[in-house]
file start24.txt (compact mmCIF, C-alpha atoms)
# COMPACT_ATOMS: atom_id res chain seq x y z
CA MET A 1222 0.00 0.00 0.00
CA TYR A 1223 1.28 3.44 -0.93
CA PRO A 1224 1.45 6.31 1.63
CA PHE A 1225 -1.63 8.51 1.93
CA THR A 1226 -3.07 11.28 4.08
CA TYR A 1227 -6.23 10.74 6.11
CA ARG A 1228 -8.62 13.45 7.24
CA LYS A 1229 -12.10 13.35 8.76
CA ALA A 1230 -14.61 15.85 7.38
CA ALA A 1231 -16.50 17.78 10.06
CA ASP A 1232 -19.24 18.90 7.64
CA THR A 1233 -20.20 18.74 3.98
CA ARG A 1234 -18.39 21.96 3.09
CA GLU A 1235 -15.13 20.62 4.48
CA ALA A 1236 -15.68 17.35 2.60
CA LEU A 1237 -16.35 19.17 -0.69
CA ASP A 1238 -13.28 21.37 -0.27
CA ALA A 1239 -11.08 18.32 0.25
CA GLY A 1240 -12.76 16.48 -2.64
CA GLN A 1241 -12.10 19.37 -5.01
CA ARG A 1242 -8.42 19.16 -4.12
CA GLY A 1243 -8.30 15.52 -5.17
CA GLY A 1244 -9.29 13.76 -1.95
CA ARG A 1245 -11.15 10.47 -2.23
CA TYR A 1246 -14.28 10.02 -0.14
CA ILE A 1247 -14.42 7.01 2.17
CA ALA A 1248 -17.14 5.78 4.52
CA GLY A 1249 -17.28 2.03 5.17
CA GLY A 1250 -14.17 1.52 3.05
CA THR A 1251 -15.09 -2.06 2.16
CA THR A 1252 -14.14 -1.63 -1.50
CA LEU A 1253 -11.61 1.20 -1.62
CA VAL A 1254 -9.34 -0.22 1.09
CA ASP A 1255 -9.13 -3.54 -0.77
CA LEU A 1256 -8.19 -1.76 -3.99
CA MET A 1257 -5.54 0.23 -2.16
CA ARG A 1258 -4.04 -2.95 -0.73
CA GLU A 1259 -3.84 -4.39 -4.23
CA THR A 1260 -2.35 -1.07 -5.50
CA VAL A 1261 -5.15 -0.76 -8.04
CA GLU A 1262 -6.13 2.52 -6.38
CA ARG A 1263 -3.47 4.96 -5.08
CA PRO A 1264 -5.26 7.98 -3.60
CA GLY A 1265 -3.06 10.62 -2.02
CA THR A 1266 -5.75 11.71 0.45
CA LEU A 1267 -8.69 9.89 2.01
CA VAL A 1268 -11.58 12.03 3.24
CA ASP A 1269 -13.69 10.27 5.88
CA ILE A 1270 -17.31 11.35 5.40
CA GLY A 1271 -18.81 8.92 7.91
CA GLY A 1272 -19.82 11.72 10.28
CA LEU A 1273 -21.90 13.66 7.75
CA PRO A 1274 -25.70 13.84 8.27
CA LEU A 1275 -26.60 11.44 5.45
CA HIS A 1276 -27.92 8.51 7.50
CA GLU A 1277 -31.70 8.92 7.12
CA VAL A 1278 -34.28 6.74 5.38
CA ARG A 1279 -37.50 8.65 4.85
CA VAL A 1280 -40.70 8.59 2.84
CA THR A 1281 -40.91 11.47 0.38
CA GLU A 1282 -43.96 13.55 -0.43
CA GLY A 1283 -46.31 11.40 -2.44
CA GLY A 1284 -44.93 8.11 -1.20
CA GLY A 1285 -41.48 7.67 -2.70
CA LEU A 1286 -38.43 6.74 -0.64
CA ARG A 1287 -35.17 8.57 -0.03
CA ILE A 1288 -32.18 6.62 1.33
CA GLY A 1289 -29.23 8.62 2.61
CA ALA A 1290 -25.87 7.83 1.06
CA LEU A 1291 -24.36 6.83 4.43
CA VAL A 1292 -27.14 4.43 5.42
CA THR A 1293 -25.48 1.03 5.66
CA MET A 1294 -26.64 -1.86 3.55
CA ALA A 1295 -27.81 -3.69 6.68
CA GLU A 1296 -29.76 -0.66 7.91
CA ALA A 1297 -31.47 -0.15 4.56
CA ALA A 1298 -32.32 -3.84 4.17
CA SER A 1299 -33.95 -4.04 7.61
CA ASP A 1300 -35.74 -0.69 7.56
CA PRO A 1301 -39.53 -1.32 7.62
CA LYS A 1302 -40.14 1.49 5.12
CA VAL A 1303 -37.89 -0.27 2.60
CA ARG A 1304 -39.06 -3.82 3.34
CA ILE A 1305 -42.74 -2.98 3.03
CA ALA A 1306 -42.68 -0.62 0.05
CA TYR A 1307 -39.83 -2.11 -2.00
CA PRO A 1308 -38.97 -5.72 -1.08
CA VAL A 1309 -36.79 -5.88 -4.20
CA VAL A 1310 -34.35 -3.45 -2.56
CA SER A 1311 -34.23 -5.37 0.73
CA GLN A 1312 -33.76 -8.69 -1.04
CA ALA A 1313 -30.98 -7.34 -3.28
CA LEU A 1314 -29.13 -6.01 -0.24
CA GLU A 1315 -29.55 -9.20 1.78
CA LEU A 1316 -28.16 -11.27 -1.10
CA SER A 1317 -25.06 -9.08 -1.26
CA ALA A 1318 -21.67 -9.70 0.37
CA SER A 1319 -21.53 -11.00 3.95
CA ALA A 1320 -23.30 -9.83 7.10
CA GLN A 1321 -20.08 -8.22 8.33
CA LEU A 1322 -19.64 -6.22 5.11
CA ARG A 1323 -23.30 -5.21 5.03
CA ASN A 1324 -22.88 -3.74 8.50
CA MET A 1325 -20.05 -1.52 7.23
CA ALA A 1326 -20.75 -0.78 3.57
CA THR A 1327 -22.96 2.19 2.67
CA ILE A 1328 -25.55 2.69 -0.04
CA GLY A 1329 -23.48 5.42 -1.69
CA GLY A 1330 -20.35 3.29 -1.61
CA ASN A 1331 -22.19 0.25 -2.91
CA ILE A 1332 -23.33 1.90 -6.13
CA MET A 1333 -19.85 3.43 -6.56
CA GLN A 1334 -18.00 0.13 -6.14
CA ARG A 1335 -15.71 -0.93 -8.95
CA THR A 1336 -15.79 -4.14 -10.94
CA ARG A 1337 -14.61 -7.50 -9.64
CA CYS A 1338 -13.02 -8.32 -13.02
CA THR A 1339 -9.85 -10.29 -12.21
CA TYR A 1340 -7.91 -8.49 -14.94
CA PHE A 1341 -8.83 -5.10 -13.46
CA ARG A 1342 -7.57 -6.22 -10.06
CA ASP A 1343 -4.38 -7.76 -11.43
CA VAL A 1344 -2.02 -4.82 -11.95
CA THR A 1345 0.13 -6.94 -14.30
CA ALA A 1346 -2.77 -7.44 -16.75
CA ALA A 1347 -3.89 -5.10 -19.51
CA CYS A 1348 -6.96 -3.11 -18.43
CA ASN A 1349 -8.33 0.03 -20.03
CA LYS A 1350 -10.44 0.73 -16.95
CA ARG A 1351 -7.37 0.81 -14.71
CA GLU A 1352 -4.86 2.14 -17.26
CA PRO A 1353 -6.50 3.79 -20.32
CA GLY A 1354 -5.02 2.63 -23.61
CA SER A 1355 -3.41 -0.52 -22.25
CA GLY A 1356 -5.98 -2.92 -23.74
CA CYS A 1357 -8.51 -5.37 -22.32
CA ALA A 1358 -7.16 -8.78 -21.37
CA ALA A 1359 -10.69 -10.12 -20.86
CA LEU A 1360 -11.56 -9.90 -24.56
CA GLU A 1361 -9.27 -12.81 -25.40
CA GLY A 1362 -8.94 -14.20 -21.88
CA PHE A 1363 -11.16 -16.16 -19.53
CA ASN A 1364 -14.36 -14.13 -19.66
CA ARG A 1365 -16.91 -16.54 -18.18
CA THR A 1366 -18.17 -14.01 -15.61
CA HIS A 1367 -18.01 -10.97 -17.88
CA ALA A 1368 -20.71 -8.88 -19.50
CA ILE A 1369 -22.73 -9.66 -22.61
CA LEU A 1370 -24.63 -6.34 -22.69
CA GLY A 1371 -23.27 -2.81 -22.95
CA THR A 1372 -19.77 -3.97 -23.81
CA SER A 1373 -17.26 -2.32 -26.12
CA ASN A 1374 -13.90 -3.20 -27.64
CA SER A 1375 -12.37 -1.41 -24.65
CA CYS A 1376 -14.13 -3.18 -21.76
CA MET A 1377 -16.53 -6.00 -20.91
CA ALA A 1378 -16.40 -5.89 -17.10
CA THR A 1379 -19.69 -6.26 -15.21
CA HIS A 1380 -20.94 -3.87 -12.57
CA PRO A 1381 -20.96 -5.86 -9.30
CA SER A 1382 -23.71 -4.20 -7.25
CA ASP A 1383 -26.96 -6.06 -6.54
CA VAL A 1384 -28.93 -3.14 -5.12
CA ALA A 1385 -27.97 -1.04 -8.14
CA VAL A 1386 -30.01 -3.49 -10.25
CA ALA A 1387 -33.04 -2.85 -8.04
CA PHE A 1388 -32.47 0.91 -8.25
CA ALA A 1389 -32.21 0.69 -12.04
CA ALA A 1390 -35.46 -1.28 -12.27
CA LEU A 1391 -37.27 1.23 -10.05
CA GLU A 1392 -35.86 4.19 -12.03
CA ALA A 1393 -34.24 5.76 -8.98
CA ARG A 1394 -32.49 9.12 -8.90
CA VAL A 1395 -29.12 9.98 -7.37
CA HIS A 1396 -28.87 13.22 -5.39
CA LEU A 1397 -25.50 14.95 -5.59
CA LEU A 1398 -23.83 17.86 -3.88
CA GLY A 1399 -20.88 19.61 -5.49
CA PRO A 1400 -19.02 22.89 -5.72
CA ASP A 1401 -21.84 24.35 -7.82
CA GLY A 1402 -24.60 23.18 -5.50
CA LYS A 1403 -27.15 20.37 -5.64
CA ARG A 1404 -28.26 18.38 -8.65
CA THR A 1405 -30.11 15.14 -9.37
CA VAL A 1406 -29.19 12.51 -11.95
CA SER A 1407 -31.35 9.60 -13.07
CA PHE A 1408 -29.86 6.26 -12.13
CA ALA A 1409 -29.80 5.29 -15.80
CA ASP A 1410 -27.46 8.22 -16.49
CA PHE A 1411 -25.38 7.99 -13.31
CA LEU A 1412 -23.49 4.78 -14.11
CA LEU A 1413 -21.73 5.02 -17.47
CA LYS A 1414 -21.24 2.34 -20.11
CA PRO A 1415 -17.56 1.89 -21.00
CA GLY A 1416 -17.52 2.95 -24.64
CA SER A 1417 -14.00 4.15 -25.37
CA THR A 1418 -13.53 5.58 -21.84
CA PRO A 1419 -14.08 2.69 -19.41
CA ASN A 1420 -12.01 4.49 -16.78
CA ARG A 1421 -14.89 6.98 -16.35
CA GLU A 1422 -17.56 5.03 -14.51
CA GLN A 1423 -19.94 7.61 -13.02
CA ALA A 1424 -21.38 10.93 -14.18
CA LEU A 1425 -19.66 12.86 -11.39
CA ILE A 1426 -17.72 16.09 -11.51
CA PRO A 1427 -14.54 16.41 -9.41
CA GLY A 1428 -15.32 16.72 -5.71
CA GLU A 1429 -19.01 15.87 -6.08
CA LEU A 1430 -20.60 13.90 -3.25
CA ILE A 1431 -23.54 11.48 -3.30
CA THR A 1432 -26.07 12.53 -0.66
CA ALA A 1433 -28.98 10.12 -1.29
CA VAL A 1434 -30.69 7.70 -3.63
CA GLU A 1435 -34.38 8.38 -4.17
CA ILE A 1436 -36.95 5.90 -5.45
CA PRO A 1437 -39.84 7.75 -7.09
CA VAL A 1438 -43.51 7.07 -6.46
CA HIS A 1439 -44.86 3.97 -8.21
CA ALA A 1440 -48.43 2.85 -8.69
CA ARG A 1441 -49.86 0.64 -5.94
CA PRO A 1442 -50.18 -2.22 -5.25
CA LEU A 1443 -46.62 -2.98 -6.34
CA ALA A 1444 -45.20 -6.48 -5.96
CA SER A 1445 -41.44 -6.79 -6.32
CA GLY A 1446 -38.50 -9.10 -5.76
CA TYR A 1447 -34.90 -9.92 -6.62
CA LEU A 1448 -33.45 -13.21 -7.87
CA LYS A 1449 -29.71 -13.87 -7.98
CA VAL A 1450 -28.00 -16.79 -9.72
CA ARG A 1451 -24.42 -17.45 -8.64
CA ASP A 1452 -21.81 -20.19 -8.46
CA ARG A 1453 -22.27 -20.68 -4.73
CA GLN A 1454 -24.99 -19.71 -2.30
CA SER A 1455 -22.92 -17.59 0.06
CA TYR A 1456 -20.90 -14.41 -0.59
CA GLU A 1457 -20.63 -14.55 -4.36
CA PHE A 1458 -21.30 -12.11 -7.18
CA ALA A 1459 -24.09 -12.71 -9.68
CA LEU A 1460 -23.72 -14.65 -12.89
CA THR A 1461 -27.19 -13.31 -13.68
CA SER A 1462 -29.84 -11.59 -11.60
CA ALA A 1463 -33.25 -10.04 -12.12
CA ALA A 1464 -35.07 -7.24 -10.30
CA VAL A 1465 -38.80 -7.18 -11.08
CA ALA A 1466 -41.64 -4.91 -9.93
CA LEU A 1467 -45.20 -5.36 -11.21
CA HIS A 1468 -48.36 -3.33 -10.72
CA ILE A 1469 -51.34 -5.54 -11.57
CA ARG A 1470 -54.86 -4.16 -11.40
CA ARG A 1471 -58.06 -6.02 -12.35
CA GLY A 1472 -55.99 -8.90 -13.62
CA VAL A 1473 -53.95 -6.81 -16.08
CA ILE A 1474 -50.32 -5.69 -15.80
CA ARG A 1475 -50.44 -1.90 -15.72
CA GLU A 1476 -46.79 -1.20 -14.89
CA ALA A 1477 -43.67 -3.35 -15.21
CA LYS A 1478 -40.14 -2.51 -14.08
CA VAL A 1479 -37.42 -5.01 -14.92
CA ALA A 1480 -33.62 -4.89 -14.81
CA ALA A 1481 -30.83 -7.47 -14.91
CA GLY A 1482 -27.49 -7.77 -13.17
CA GLY A 1483 -24.37 -9.86 -13.70
CA VAL A 1484 -24.70 -9.50 -17.47
CA GLY A 1485 -24.15 -5.81 -18.19
CA THR A 1486 -21.35 -3.31 -17.85
CA VAL A 1487 -23.94 -1.36 -15.86
CA PRO A 1488 -27.20 -2.58 -14.25
CA TRP A 1489 -29.22 -3.35 -17.35
CA LYS A 1490 -32.77 -2.06 -17.74
CA LEU A 1491 -34.93 -4.32 -19.94
CA PRO A 1492 -37.49 -2.07 -21.69
CA ALA A 1493 -38.39 -4.70 -24.30
CA VAL A 1494 -39.36 -7.11 -21.52
CA GLU A 1495 -41.37 -4.38 -19.80
CA GLN A 1496 -43.24 -3.45 -22.98
CA ALA A 1497 -44.10 -7.10 -23.64
CA LEU A 1498 -45.78 -7.28 -20.23
CA ILE A 1499 -47.78 -4.05 -20.05
CA GLY A 1500 -51.47 -4.45 -20.88
CA GLU A 1501 -51.30 -8.25 -20.70
CA ARG A 1502 -52.77 -10.76 -18.28
CA PRO A 1503 -50.25 -12.83 -16.30
CA SER A 1504 -49.66 -16.33 -17.66
CA ASP A 1505 -46.86 -18.84 -18.07
CA ARG A 1506 -46.83 -18.08 -21.77
CA LEU A 1507 -46.49 -14.36 -21.17
CA TRP A 1508 -43.58 -14.76 -18.73
CA ALA A 1509 -41.69 -16.94 -21.22
CA GLU A 1510 -42.37 -14.69 -24.21
CA ALA A 1511 -41.43 -11.51 -22.36
CA ALA A 1512 -38.24 -13.06 -20.95
CA GLY A 1513 -37.25 -14.01 -24.48
CA HIS A 1514 -36.36 -10.33 -25.02
CA ALA A 1515 -34.02 -10.16 -22.01
CA ALA A 1516 -30.84 -10.74 -23.99
CA ASP A 1517 -31.71 -8.50 -26.95
CA GLY A 1518 -28.49 -6.93 -28.23
CA ALA A 1519 -26.21 -9.32 -26.34
CA ARG A 1520 -22.60 -9.69 -27.53
CA PRO A 1521 -21.27 -12.86 -25.88
CA LEU A 1522 -17.71 -14.08 -26.33
CA GLN A 1523 -16.11 -17.50 -26.07
CA HIS A 1524 -16.64 -18.31 -22.41
CA ASN A 1525 -19.81 -16.39 -21.52
CA ARG A 1526 -22.26 -17.49 -24.22
CA TYR A 1527 -24.18 -19.47 -21.60
CA LYS A 1528 -25.30 -16.18 -20.05
CA VAL A 1529 -27.73 -15.50 -22.90
CA GLU A 1530 -29.93 -18.46 -22.02
CA LEU A 1531 -29.29 -18.17 -18.28
CA LEU A 1532 -30.42 -14.55 -18.32
CA LYS A 1533 -33.68 -15.43 -20.09
CA ARG A 1534 -34.38 -18.20 -17.59
CA THR A 1535 -33.55 -15.96 -14.62
CA VAL A 1536 -35.90 -13.22 -15.80
CA GLU A 1537 -38.67 -15.70 -16.60
CA ARG A 1538 -38.35 -17.32 -13.17
CA GLN A 1539 -38.50 -13.99 -11.35
CA LEU A 1540 -41.46 -12.79 -13.40
CA ARG A 1541 -43.32 -15.93 -12.32
CA ILE A 1542 -42.40 -15.42 -8.66
CA VAL A 1543 -43.44 -11.77 -8.54
CA GLY A 1544 -46.51 -12.49 -10.66
CA ASP A 1545 -47.66 -15.07 -8.12
CA ILE A 1546 -47.15 -12.59 -5.28
CA ALA A 1547 -49.11 -9.90 -7.09

call {"tool": "encode", "arguments": {"input": "start24.txt", "output": "structure tokens"}}
result
Amino acid sequence: MYPFTYRKAADTREALDAGQRGGRYIAGGTTLVDLMRETVERPGTLVDIGGLPLHEVRVTEGGGLRIGALVTMAEAASDPKVRIAYPVVSQALELSASAQLRNMATIGGNIMQRTRCTYFRDVTAACNKREPGSGCAALEGFNRTHAILGTSNSCMATHPSDVAVAFAALEARVHLLGPDGKRTVSFADFLLKPGSTPNREQALIPGELITAVEIPVHARPLASGYLKVRDRQSYEFALTSAAVALHIRRGVIREAKVAAGGVGTVPWKLPAVEQALIGERPSDRLWAEAAGHAADGARPLQHNRYKVELLKRTVERQLRIVGDIA
């Protein structure tokens, strides 16, 4: 690990000032500290923001939900307001990491976490995300766990967060505070596809700080859930996953929100699946036909072709589960 300076921010202004000067924000530190140990990340200054007043979960006007950036994963998962209104969020969090990590890691840090691609974390391997212009070893390497959606010739690393998939499905918004004041970015625009600049992963300006993630109001009743397929049951990242929320009224699907994880360079919204569901009556045939669109536009390589079929099956299975609940 390389030498660095540590400072604890007393308030948001102090944090922003340090961030503008190149300081890296840290709260739970469950991802950044690991990357520093592996010398993938070499920040000169760490700015501890754990004491900032960003720990609240509250219902917004109209019935949405706002989760402070420093709420831990465990706190968010167990909060009654989250569990009752959006089970998909609680389930995604509970299927993430280990209990010890969930007690430390924050919501803001979770959506900011970097890929678990082995080539990214191996400083001897070519990686455009870690070192722009060096190449992507995964393209010709062992890419079984890599993305099939949103990839480019520069990068095919998956985004590792589970709860980010739920936020993408629910069309959440990210609240930011920066040197020019407050702004809000849709979750779909916050996490960036790699394109030719995979090293730029979020739509942040220097020194900007995440303050909250807000889930907008959705029609009620809303049934939702998260399904994760992985190599082992405990503490493993997704091969595929599906976040589904359905509003069914008078036997007809009026609103459908669906996103997939483990298969995209960002949490992958599935609008073709959603459109196939809206206005239809739930049935086994409908779930299968809608899920058939889940891998539209996929670009699999040698070792991850299986993900095309696995993704369709994962989405179909979760549509059935949530459909039965609704």

call {"tool": "residues_around", "arguments": {"input": "start24.txt", "residues": "Val1254 of chain A", "least_positions_apart": "6", "cutoff": "12 Å", "atoms": "all atoms listed in the file", "output": "compact mmCIF listing (two decimals) with C-alpha atoms, in the coordinates of the input"}}
result
# COMPACT_ATOMS: atom_id res chain seq x y z
CA MET A 1222 0.00 0.00 0.00
CA TYR A 1223 1.28 3.44 -0.93
CA PHE A 1225 -1.63 8.51 1.93
CA ARG A 1245 -11.15 10.47 -2.23
CA TYR A 1246 -14.28 10.02 -0.14
CA ILE A 1247 -14.42 7.01 2.17
CA ALA A 1248 -17.14 5.78 4.52
CA THR A 1260 -2.35 -1.07 -5.50
CA VAL A 1261 -5.15 -0.76 -8.04
CA GLU A 1262 -6.13 2.52 -6.38
CA ARG A 1263 -3.47 4.96 -5.08
CA PRO A 1264 -5.26 7.98 -3.60
CA LEU A 1267 -8.69 9.89 2.01
CA ALA A 1326 -20.75 -0.78 3.57
CA GLY A 1330 -20.35 3.29 -1.61
CA GLN A 1334 -18.00 0.13 -6.14
CA ARG A 1335 -15.71 -0.93 -8.95

call {"tool": "atom_distance", "arguments": {"input": "start24.txt", "atom1": "atom CA of Tyr1340 of chain A", "atom2": "atom CA of Ala1318 of chain A"}}
result
20.6 Å

call {"tool": "residues_around", "arguments": {"input": "start24.txt", "residues": "Arg1470 of chain A", "least_positions_apart": "6", "cutoff": "12 Å", "atoms": "only C-alpha atoms", "output": "MDAnalysis selection string"}}
result
chainID A and resid 1440:1444 1476:1477 1499:1503 1544 1547

call {"tool": "residues_near_point", "arguments": {"input": "start24.txt", "point": "(-34.2, -14.9, -23.7)", "cutoff": "7 Å", "atoms": "only C-alpha atoms", "output": "ChimeraX atom specification"}}
result
/A:1512-1516,1529-1530,1532-1534

call {"tool": "atom_distance", "arguments": {"input": "start24.txt", "atom1": "atom CA of Ser1373 of chain A", "atom2": "atom CA of Gly1416 of chain A"}}
result
5.5 Å

call {"tool": "atom_distance", "arguments": {"input": "start24.txt", "atom1": "atom CA of Val1384 of chain A", "atom2": "atom CA of Glu1315 of chain A"}}
result
9.2 Å

call {"tool": "closest_residue", "arguments": {"input": "start24.txt", "among": "A:Thr1486, A:Thr1336, A:Thr1366, A:Ser1407", "to": "Arg1351 of chain A", "atoms": "all atoms listed in the file"}}
result
A:Thr1336

call {"tool": "residues_around", "arguments": {"input": "start24.txt", "residues": "Ile1328 of chain A", "least_positions_apart": "4", "cutoff": "10 Å", "atoms": "all atoms listed in the file", "output": "count of residues only"}}
result
22

call {"tool": "residues_around", "arguments": {"input": "start24.txt", "residues": "segment 1359-1362 of chain A", "least_positions_apart": "6", "cutoff": "9 Å", "atoms": "all atoms listed in the file", "output": "JSON, numbers by chain"}}
result
{"A": [1338, 1339, 1340, 1347, 1348, 1374, 1375, 1376, 1377, 1378, 1522, 1523, 1524]}

call {"tool": "write_last_selection", "arguments": {"input": "start24.txt", "atoms": "C-alpha atoms", "output": "short mmCIF file (atom, residue, chain, number, x, y, z; two decimals), in the coordinates of the input"}}
result
data_model
loop_
_atom_site.label_atom_id
_atom_site.label_comp_id
_atom_site.auth_asym_id
_atom_site.auth_seq_id
_atom_site.Cartn_x
_atom_site.Cartn_y
_atom_site.Cartn_z
CA CYS A 1338 -13.02 -8.32 -13.02
CA THR A 1339 -9.85 -10.29 -12.21
CA TYR A 1340 -7.91 -8.49 -14.94
CA ALA A 1347 -3.89 -5.10 -19.51
CA CYS A 1348 -6.96 -3.11 -18.43
CA ASN A 1374 -13.90 -3.20 -27.64
CA SER A 1375 -12.37 -1.41 -24.65
CA CYS A 1376 -14.13 -3.18 -21.76
CA MET A 1377 -16.53 -6.00 -20.91
CA ALA A 1378 -16.40 -5.89 -17.10
CA LEU A 1522 -17.71 -14.08 -26.33
CA GLN A 1523 -16.11 -17.50 -26.07
CA HIS A 1524 -16.64 -18.31 -22.41
#

call {"tool": "closest_residue", "arguments": {"input": "start24.txt", "among": "A:Gly1250, A:Gly1483, A:Gly1446, A:Gly1399", "to": "Leu1430 of chain A", "atoms": "all atoms listed in the file"}}
result
A:Gly1399

call {"tool": "residues_around", "arguments": {"input": "start24.txt", "residues": "segment 1453-1455 of chain A", "least_positions_apart": "4", "cutoff": "9 Å", "atoms": "all atoms listed in the file", "output": "PyMOL selection string"}}
result
chain A and resi 1316-1319

call {"tool": "residues_near_point", "arguments": {"input": "start24.txt", "point": "(-30.2, -2.7, -12.8)", "cutoff": "8 Å", "atoms": "all atoms listed in the file", "output": "PyMOL selection string"}}
result
chain A and resi 1383-1390+1463-1464+1479-1482+1487-1490

call {"tool": "closest_residue", "arguments": {"input": "start24.txt", "among": "A:Asn1420, A:Asn1525, A:Gln1496, A:Asn1324", "to": "Phe1363 of chain A", "atoms": "all atoms listed in the file"}}
result
A:Asn1525
